[in-house]
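For reference, the structure is listed below as structure tokens.
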Amino acid sequence: MYLFLGILFLILLLGMAAVIVVTTVRAKSSSGELITKKNLFFFAPTFLLLYLLYITASVFNGETIDFFYCFSLIGTTLDVVKFGAEESLLLPVCEAYPIFYADFVIAYLVGVVTVVLSVASFFSRRISNFISVKTLLRKNCDIVIGDSPDAVAYIKNTKNSLLLGTNVSGRRYADLLKEGVPVLKTPLEAKRISRMLKNRGYNFIVFRDGNHAYTNIIETFMQVYGKGKGAKIHFEANQQEMKILKEKFIPKADGNPDVYMTGFSKYELLARRFAVDYPITKYIPRSFYNPNFTLKDDAQINIVFIGFGKVNYQLFRMCAMQFQFAAEKDGKLCSKPVKYYIYDNNKTALHNEFFSRILYEFEEDFADCDFPKPEKICDLEIREEDVNSIEAKKQFKALVHKNSFTYFIVSLENDLEDASYAQTVKRLLRSDDNYRIFVRAKNNNGEKLNEETDRVIYFGKEKDLCTHENIVNDDLTELAQRINLLYNKISNPPEWLKELRETKDLSADGQRRILSENIGNAQSKEYMLSVWAKLPYIEQASNLYHAMNLPFKLNLLGFDMLKQNGENESGVIEAQFNEVYKNSGRENGYQDYSFFFGTEPGNVLAYIEHSRWNALYILYDYRQMKKADMKVEEKEGERSMSHKNTQLKQHACLTTYYGLNDLIAYKYEALYPAETFKEAVKENNAHLQELSKIYAYDYMDLDRLYGEITAMGYLLKPKQN
């Protein structure tokens, strides 16, 4: 009988062990958790089997089995929790029937495992979170400050990240762990945070919906890292808010910041991506252009915003700065502004600082100029109108004809309404008309919405907004930082950068190789960020928007700019590019001053670039500098005259393209009073060549266009219309 019981117990125990293993493996594969509260269910049957084994051993030993004895065996059985065993009780039956050795060994092993799993199930998520947080902190992870929907979305989209839960309740802490969000739970106090953050390579992300006072965060982290340690904090804030934060909390913020801060707006990031992915020159028919890439006289470019909420507000600002065109009249270049139509029946949405700046403040600020006032940024028509009205639809249809190209950008209340309205607009128009309809679609389900030939294009996926690649490692900002590293004035650059900048015969591929090899190094990347951080904020913006405008210019010339995927992938060679980008001025280093007033493709691109630059500075509230504020200074025998003041937001270059000639003439005669500008133009004059860099800088930048793009890891392909 005892032998039979021993075999029966062995079978039951092995079955129990198998069930525990299978259940644990399934839990790991389905939920990702090795330890769950389901493990508690194994404790009772395991305890019962061990108790029955003790009863069997007691009967074999001839013990009197009554209520009190059975009750006392419960305590003996529970000793498994303390990893204890009653040796004197077990040895006789084991020696008589060795199979009981196996029974008791397996019973104890299963019991111990069950106890450990049962206890651990109460603390498993906390233990797992503790290990995850420690591991992440050793890897210079992204740290999101404050619990909020955007913070959780960012962490779920970014593997190497955790949440700094500064005021998370116990219940919320448990919920976050259940969602798989690593949480470092600590108050926003410098001493507490300092003990946990050992390195200086973290990126701190602060979302607006986290409801933290940004000033408190800056002050706290300046204490954590101390002067010059370079903590990297990324705030959800617009450019103006960031300027105020830096000026108020970091002395000489534009020169030597103690904390490296950047601002991001989810909707601005979306707008940047839109300007790069869908520049209007990508779709305008080639028949709209003259051979030098000016727009024909009867060609009109329209952009219609249907709804004017947060998305279209940022898209308007971006398009107004980026989409500038030139025309030709009487042998001279002139501005060809885009016509913007804004439709919304919400009156408050139609009153904002950009409309005020364009329609009112521009005329006020440039009413009394010493140099010609700049051309207007765009034509703007604002209509407080229901987009479902018959009148609105008639207007939409009237905008689309053979001599116009029109963008319709739809952003109303939700994805379904946007998509439905886009189809309504499409029904009004013929399939071969000159238009594109862009629809804001959060697209959280990830459907493939766009077809290659579809005139309705969906953009702005919500899940793409809160990511490391979009906020911390934004490729457009890094492109601007690399351009700044290559071409802006830098004192005492490292040897590799000196080689890159000073080797005249270095090919574009050679530039790309040296740059990529060194920026991949953490120390070099840190250097690139430090150089970037020293730029005034407006110059950071200027570099960034210059980088963003590359696809616009290249599409205008008939090229697509594509990221290089493989070493053997090839595109348009530089000689082919130069057949399109014609610029005779660079042949003699822009010594012939009259070149700047030609109408070659190079002149057209420079004219457009100046218009784009004007739009940026005007929307950043800059004014034209007065002659009275431009003072001649002499230092070590050299005379100079600054024509900009960043602190007062003044710049004399805020004039027309041809107005720059007046600025150069004024500076020439102020710096060299014994000479006349009129005579200097007739001869090869070194002084004039130096001052004419006001013109030449844009041209030299355009001359680098092909090499710049190749050095950044891109290639050019002929554009497919």
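Residue names in the structure tokens use chain letters A, B, ... in the order shown, residue numbers from 1 in each chain, and ligand numbers from 1 in the order shown.
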Discussion item. Can you pull out every residue from stretch 480-546 of chain A that DSSP, working from the backbone, puts in alpha helix (DSSP H), and format the result as a PyMOL selection string?
Written reply: chain A and resi 480-487+495-502+508-519+522-533+537-546
Discussion item. Give me, as a list in words, all polymer residues having an atom no more than 12 Å from A:Glu189, counting only C-alpha atoms and skipping those fewer than 3 positions away in the same chain.
Written reply: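 Returned residues: Leu164, Gly165, Thr166, Asn167, Lys185, Thr186, Arg192, Ile193, Ser194, Arg195, Met196, Asn216, Ile217, Ile218, Glu219, Thr220, Phe221, Met222, Gln223 and Val224 of chain A.
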For C-alpha atoms, I'd like the residues from the last selection saved as a PDB file, in the first residue's frame.
```pdb
ATOM      1  CA  LEU A 164      10.352  60.729 -13.204  1.00  0.00           C
ATOM      2  CA  GLY A 165       7.176  60.524 -11.099  1.00  0.00           C
ATOM      3  CA  THR A 166       7.482  63.579  -8.887  1.00  0.00           C
ATOM      4  CA  ASN A 167       3.985  63.447  -7.358  1.00  0.00           C
ATOM      5  CA  LYS A 185       9.340  57.838  -7.942  1.00  0.00           C
ATOM      6  CA  THR A 186      10.917  60.838  -6.238  1.00  0.00           C
ATOM      7  CA  ARG A 192      16.965  63.536  -3.915  1.00  0.00           C
ATOM      8  CA  ILE A 193      17.444  63.586  -7.668  1.00  0.00           C
ATOM      9  CA  SER A 194      21.231  63.998  -7.415  1.00  0.00           C
ATOM     10  CA  ARG A 195      21.508  60.728  -5.496  1.00  0.00           C
ATOM     11  CA  MET A 196      19.760  58.847  -8.289  1.00  0.00           C
ATOM     12  CA  ASN A 216      11.209  75.177 -10.964  1.00  0.00           C
ATOM     13  CA  ILE A 217      12.571  72.440 -13.221  1.00  0.00           C
ATOM     14  CA  ILE A 218      15.347  74.693 -14.554  1.00  0.00           C
ATOM     15  CA  GLU A 219      16.376  75.832 -11.085  1.00  0.00           C
ATOM     16  CA  THR A 220      16.327  72.264  -9.748  1.00  0.00           C
ATOM     17  CA  PHE A 221      18.469  70.827 -12.531  1.00  0.00           C
ATOM     18  CA  MET A 222      20.958  73.677 -12.428  1.00  0.00           C
ATOM     19  CA  GLN A 223      21.501  72.667  -8.788  1.00  0.00           C
ATOM     20  CA  VAL A 224      21.736  69.000  -9.733  1.00  0.00           C
TER      21      VAL A 224
END
```
Worksheet item: Quick one: residues within 10 Å of A:Ala17, only C-alpha atoms counted, chain neighbours fewer than 3 positions away excluded, as a VMD selection string?
Response: chain A and resid 11 to 14 20 to 22 42 46 106 to 107 109 to 111 113 to 114
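Using only C-alpha atoms for every distance, the candidate list A:Ala422, A:Leu269, A:Lys563, A:Asn203 yields A:Lys563 as the residue closest to A:Tyr714.
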Restrict the calculation to only C-alpha atoms, then for each residue of stretch 310-358 of chain A with any atom at most 9 Å from an atom of stretch 378-400 of chain A give the closest atom pair and their distance in Å to one decimal, rows by chain and rising residue number, as a Markdown table.
```
| residue | atom | partner | partner_atom | distance |
| --- | --- | --- | --- | --- |
| A:Ala320 | CA | A:Cys378 | CA | 6.7 |
| A:Gln324 | CA | A:Cys378 | CA | 8.3 |
| A:Lys336 | CA | A:Cys378 | CA | 8.5 |
| A:Pro337 | CA | A:Cys378 | CA | 4.8 |
| A:Val338 | CA | A:Cys378 | CA | 5.4 |
| A:Lys339 | CA | A:Asp379 | CA | 4.6 |
| A:Tyr340 | CA | A:Leu380 | CA | 4.9 |
| A:Tyr341 | CA | A:Glu381 | CA | 4.9 |
| A:Ile342 | CA | A:Ile382 | CA | 4.8 |
| A:Tyr343 | CA | A:Arg383 | CA | 5.1 |
| A:Asp344 | CA | A:Glu384 | CA | 5.3 |
| A:Asn345 | CA | A:Glu385 | CA | 4.7 |
| A:Asn346 | CA | A:Glu384 | CA | 6.9 |
| A:Lys347 | CA | A:Glu384 | CA | 6.4 |
| A:Leu350 | CA | A:Ile382 | CA | 7.2 |
| A:Phe355 | CA | A:Leu380 | CA | 8.3 |
| A:Ile358 | CA | A:Cys378 | CA | 8.0 |
```
Worksheet entry | A:Leu176 surroundings by only C-alpha atoms, 12 Å radius, close-in-sequence under 2 positions cut, as number ranges by chain | A: 125-126, 129, 147-149, 151-153, 155-156, 162-165, 168-174, 178-185
